[in-house]
Amino acid sequence: MVDILLVEDHKELAQLIATFLKRAGYLVEIVESGEQALKFLEVNTAKLILLDVMLPGMDGFGFCAALRQKRNTPVIILSAKVDKEDKMNGFAQGADDYVEKPVDMDILLARISALMRRNYDLKKDSMLIYSGAVSIDKDAKQAFFHGKEIQLTVKEYELLLLLVQNPGKTLRKEYLFDQIWGADSFSENQTLTVHIKMLRDKIEEEPKSPKRIKTIWGVGYKYEEN
């Protein structure tokens with residue numbers, strides 16, 4: 001997952017905006033067309049989209065309409081087309097905000113921060129967890145990898161949730177086993193090893209060389225956000 005997907009065909013402007021956003025702590029991906037953006041979102045997720053209107057091929061309004069058929073990702077339109085009709089069209093297609101070009105970066109950062117806060121900070125302590133390429137909807141008890149749902153058993157889901165909620169911490173095998181199966185469970189500790197392997201098969205690009213669920217030999221496991 002990236003924080004911001006920037007859809008802008010003007011390369012110099014895109015790099016300038018991206019530089020400011022990265023300095024503000026955001027992870028940014030740049031694409032140059034609506035078609036590229038839709039393709040990116042087929043296998044990735046973004047917390048927010050910055051969208052130019054004047055794009056080659058599909059324009060920003062068309063992209064926004066196509067996006068809204070599948071996702072509710074927050075969208076800020078960036079455009080020099082600032083008359084009332086254009087703005088109304090942008091909002092009608094599902095945009096959340098409209099920022100005029102030339103872009104005042106301080107204003108843009110404030111708008112991004114406000115939209116992120118409304119859409120994510122209010123949910124931080126509730127039902128949505130974002131952790132690199134992994135995201136979890138606690139309400140629906142669903143997990144996603146690169147935006148695609150992964151099928152998990154109940155115990156796999158509980159184990160993944162526990163790991164994701166403790167990034168960077170080494171969790172002892174005994175602690176993990178007790179939390180998921182219970183201290184009085186008749187299951188064997190080998191059950192934990194089997195479930196770790198099954199999780200790796202589902203959230204690691206190379207399960208035999210894991211970069212998310214790491215083994216701390218003789219101790220337990222550590223989850224790293226990637």
# chains A, B, ... in the order shown; residues from 1 in each chain; ligands from 1

call {"tool": "select_by_dssp", "arguments": {"residues": "segment 32-202 of chain A", "states": "alpha helix (DSSP H)", "output": "count of residues only"}}
result
76

call {"tool": "closest_atom_pairs", "arguments": {"of": "segment 84-158 of chain A", "to": "segment 192-199 of chain A", "cutoff": "9 Å", "atoms": "only C-alpha atoms", "output": "Markdown table"}}
result
| residue | atom | partner | partner_atom | distance |
| --- | --- | --- | --- | --- |
| A:Leu152 | CA | A:Leu199 | CA | 8.2 |
| A:Lys155 | CA | A:His195 | CA | 7.9 |
| A:Glu156 | CA | A:His195 | CA | 6.3 |
| A:Tyr157 | CA | A:Leu199 | CA | 8.8 |

call {"tool": "select_by_dssp", "arguments": {"residues": "chain A", "states": "strand (DSSP E or B)", "output": "ChimeraX atom specification"}}
result
/A:2-7,28-31,46-52,75-79,97-100,128-131,134-137,142-145,148-150,170-172,213-216,220-223

call {"tool": "write_last_selection", "arguments": {"atoms": "C-alpha atoms", "output": "PDB file, in the first residue's frame"}}
result
ATOM      1  CA  VAL A   2       1.093   3.558  -0.716  1.00  0.00           C
ATOM      2  CA  ASP A   3      -0.125   6.627   1.099  1.00  0.00           C
ATOM      3  CA  ILE A   4      -0.724   8.699  -2.021  1.00  0.00           C
ATOM      4  CA  LEU A   5      -1.169   7.762  -5.668  1.00  0.00           C
ATOM      5  CA  LEU A   6      -0.347  10.838  -7.776  1.00  0.00           C
ATOM      6  CA  VAL A   7      -1.924  10.763 -11.240  1.00  0.00           C
ATOM      7  CA  VAL A  28       4.072   8.268  -2.962  1.00  0.00           C
ATOM      8  CA  GLU A  29       3.593   6.460  -6.278  1.00  0.00           C
ATOM      9  CA  ILE A  30       3.432   8.439  -9.556  1.00  0.00           C
ATOM     10  CA  VAL A  31       1.529   7.341 -12.671  1.00  0.00           C
ATOM     11  CA  ALA A  46      -3.619   3.740  -1.878  1.00  0.00           C
ATOM     12  CA  LYS A  47      -4.930   5.726   1.049  1.00  0.00           C
ATOM     13  CA  LEU A  48      -5.536   8.809  -1.095  1.00  0.00           C
ATOM     14  CA  ILE A  49      -5.385   9.778  -4.768  1.00  0.00           C
ATOM     15  CA  LEU A  50      -4.203  13.135  -6.152  1.00  0.00           C
ATOM     16  CA  LEU A  51      -5.725  13.411  -9.590  1.00  0.00           C
ATOM     17  CA  ASP A  52      -5.024  15.751 -12.496  1.00  0.00           C
ATOM     18  CA  VAL A  75      -9.694  11.694  -4.183  1.00  0.00           C
ATOM     19  CA  ILE A  76      -8.373  15.247  -4.444  1.00  0.00           C
ATOM     20  CA  ILE A  77      -8.578  16.738  -7.933  1.00  0.00           C
ATOM     21  CA  LEU A  78      -5.761  19.069  -9.000  1.00  0.00           C
ATOM     22  CA  SER A  79      -6.768  21.249 -11.915  1.00  0.00           C
ATOM     23  CA  ASP A  97     -11.870  17.860  -2.740  1.00  0.00           C
ATOM     24  CA  TYR A  98     -10.744  20.187  -5.540  1.00  0.00           C
ATOM     25  CA  VAL A  99      -7.452  22.111  -5.435  1.00  0.00           C
ATOM     26  CA  GLU A 100      -6.607  24.761  -8.011  1.00  0.00           C
ATOM     27  CA  LEU A 128      -9.293  -0.807   9.996  1.00  0.00           C
ATOM     28  CA  ILE A 129      -5.602  -1.633  10.237  1.00  0.00           C
ATOM     29  CA  TYR A 130      -3.071  -0.787   7.517  1.00  0.00           C
ATOM     30  CA  SER A 131       0.364  -2.379   7.680  1.00  0.00           C
ATOM     31  CA  VAL A 134      -1.298  -6.093   4.545  1.00  0.00           C
ATOM     32  CA  SER A 135      -4.577  -4.581   5.704  1.00  0.00           C
ATOM     33  CA  ILE A 136      -7.207  -5.952   8.051  1.00  0.00           C
ATOM     34  CA  ASP A 137     -10.869  -5.106   8.456  1.00  0.00           C
ATOM     35  CA  GLN A 142     -11.153  -9.999   6.569  1.00  0.00           C
ATOM     36  CA  ALA A 143      -7.521  -9.580   5.619  1.00  0.00           C
ATOM     37  CA  PHE A 144      -6.088  -8.196   2.391  1.00  0.00           C
ATOM     38  CA  PHE A 145      -2.701  -8.480   0.710  1.00  0.00           C
ATOM     39  CA  LYS A 148      -6.830  -8.397  -2.573  1.00  0.00           C
ATOM     40  CA  GLU A 149      -8.692 -10.439   0.015  1.00  0.00           C
ATOM     41  CA  ILE A 150      -6.861 -13.487   1.313  1.00  0.00           C
ATOM     42  CA  THR A 170       9.534 -10.176  19.094  1.00  0.00           C
ATOM     43  CA  LEU A 171       6.670 -12.290  20.387  1.00  0.00           C
ATOM     44  CA  ARG A 172       7.597 -15.477  22.183  1.00  0.00           C
ATOM     45  CA  ILE A 213       6.912 -12.769   9.533  1.00  0.00           C
ATOM     46  CA  LYS A 214      10.474 -13.353  10.666  1.00  0.00           C
ATOM     47  CA  THR A 215      11.698 -16.190  12.843  1.00  0.00           C
ATOM     48  CA  ILE A 216      13.704 -15.206  15.895  1.00  0.00           C
ATOM     49  CA  GLY A 220       9.555 -16.712  18.587  1.00  0.00           C
ATOM     50  CA  TYR A 221       8.484 -14.497  15.711  1.00  0.00           C
ATOM     51  CA  LYS A 222       8.584 -10.836  14.753  1.00  0.00           C
ATOM     52  CA  TYR A 223       6.289  -9.080  12.297  1.00  0.00           C
TER      53      TYR A 223
END

call {"tool": "atom_distance", "arguments": {"atom1": "atom CA of Pro207 of chain A", "atom2": "atom CA of Val164 of chain A"}}
result
17.1 Å

call {"tool": "residues_around", "arguments": {"residues": "Gly34 of chain A", "least_positions_apart": "4", "cutoff": "8 Å", "atoms": "only C-alpha atoms", "output": "ChimeraX atom specification"}}
result
/A:7,38,55-60,62-63

call {"tool": "write_last_selection", "arguments": {"atoms": "C-alpha atoms", "output": "compact mmCIF listing (two decimals), in the first residue's frame"}}
result
# COMPACT_ATOMS: atom_id res chain seq x y z
CA VAL A 7 -1.92 10.76 -11.24
CA LEU A 38 -6.53 1.81 -12.62
CA LEU A 55 -4.66 13.50 -18.75
CA PRO A 56 -3.83 11.59 -21.95
CA GLY A 57 -6.57 9.14 -22.87
CA MET A 58 -9.03 8.87 -20.00
CA ASP A 59 -9.37 12.24 -18.30
CA GLY A 60 -9.52 12.73 -14.55
CA GLY A 62 -13.53 9.55 -16.31
CA PHE A 63 -10.98 7.96 -14.00

call {"tool": "residues_around", "arguments": {"residues": "Gly132 of chain A", "least_positions_apart": "5", "cutoff": "7 Å", "atoms": "only C-alpha atoms", "output": "JSON, numbers by chain"}}
result
{"A": [1, 225, 226]}

call {"tool": "write_last_selection", "arguments": {"atoms": "C-alpha atoms", "output": "PDB file, in the first residue's frame"}}
result
ATOM      1  CA  MET A   1       0.000   0.000   0.000  1.00  0.00           C
ATOM      2  CA  GLU A 225       5.685  -3.865   8.114  1.00  0.00           C
ATOM      3  CA  ASN A 226       6.485  -4.121   4.413  1.00  0.00           C
TER       4      ASN A 226
END

call {"tool": "atom_distance", "arguments": {"atom1": "atom CA of Ala14 of chain A", "atom2": "atom CA of Ser33 of chain A"}}
result
11.9 Å
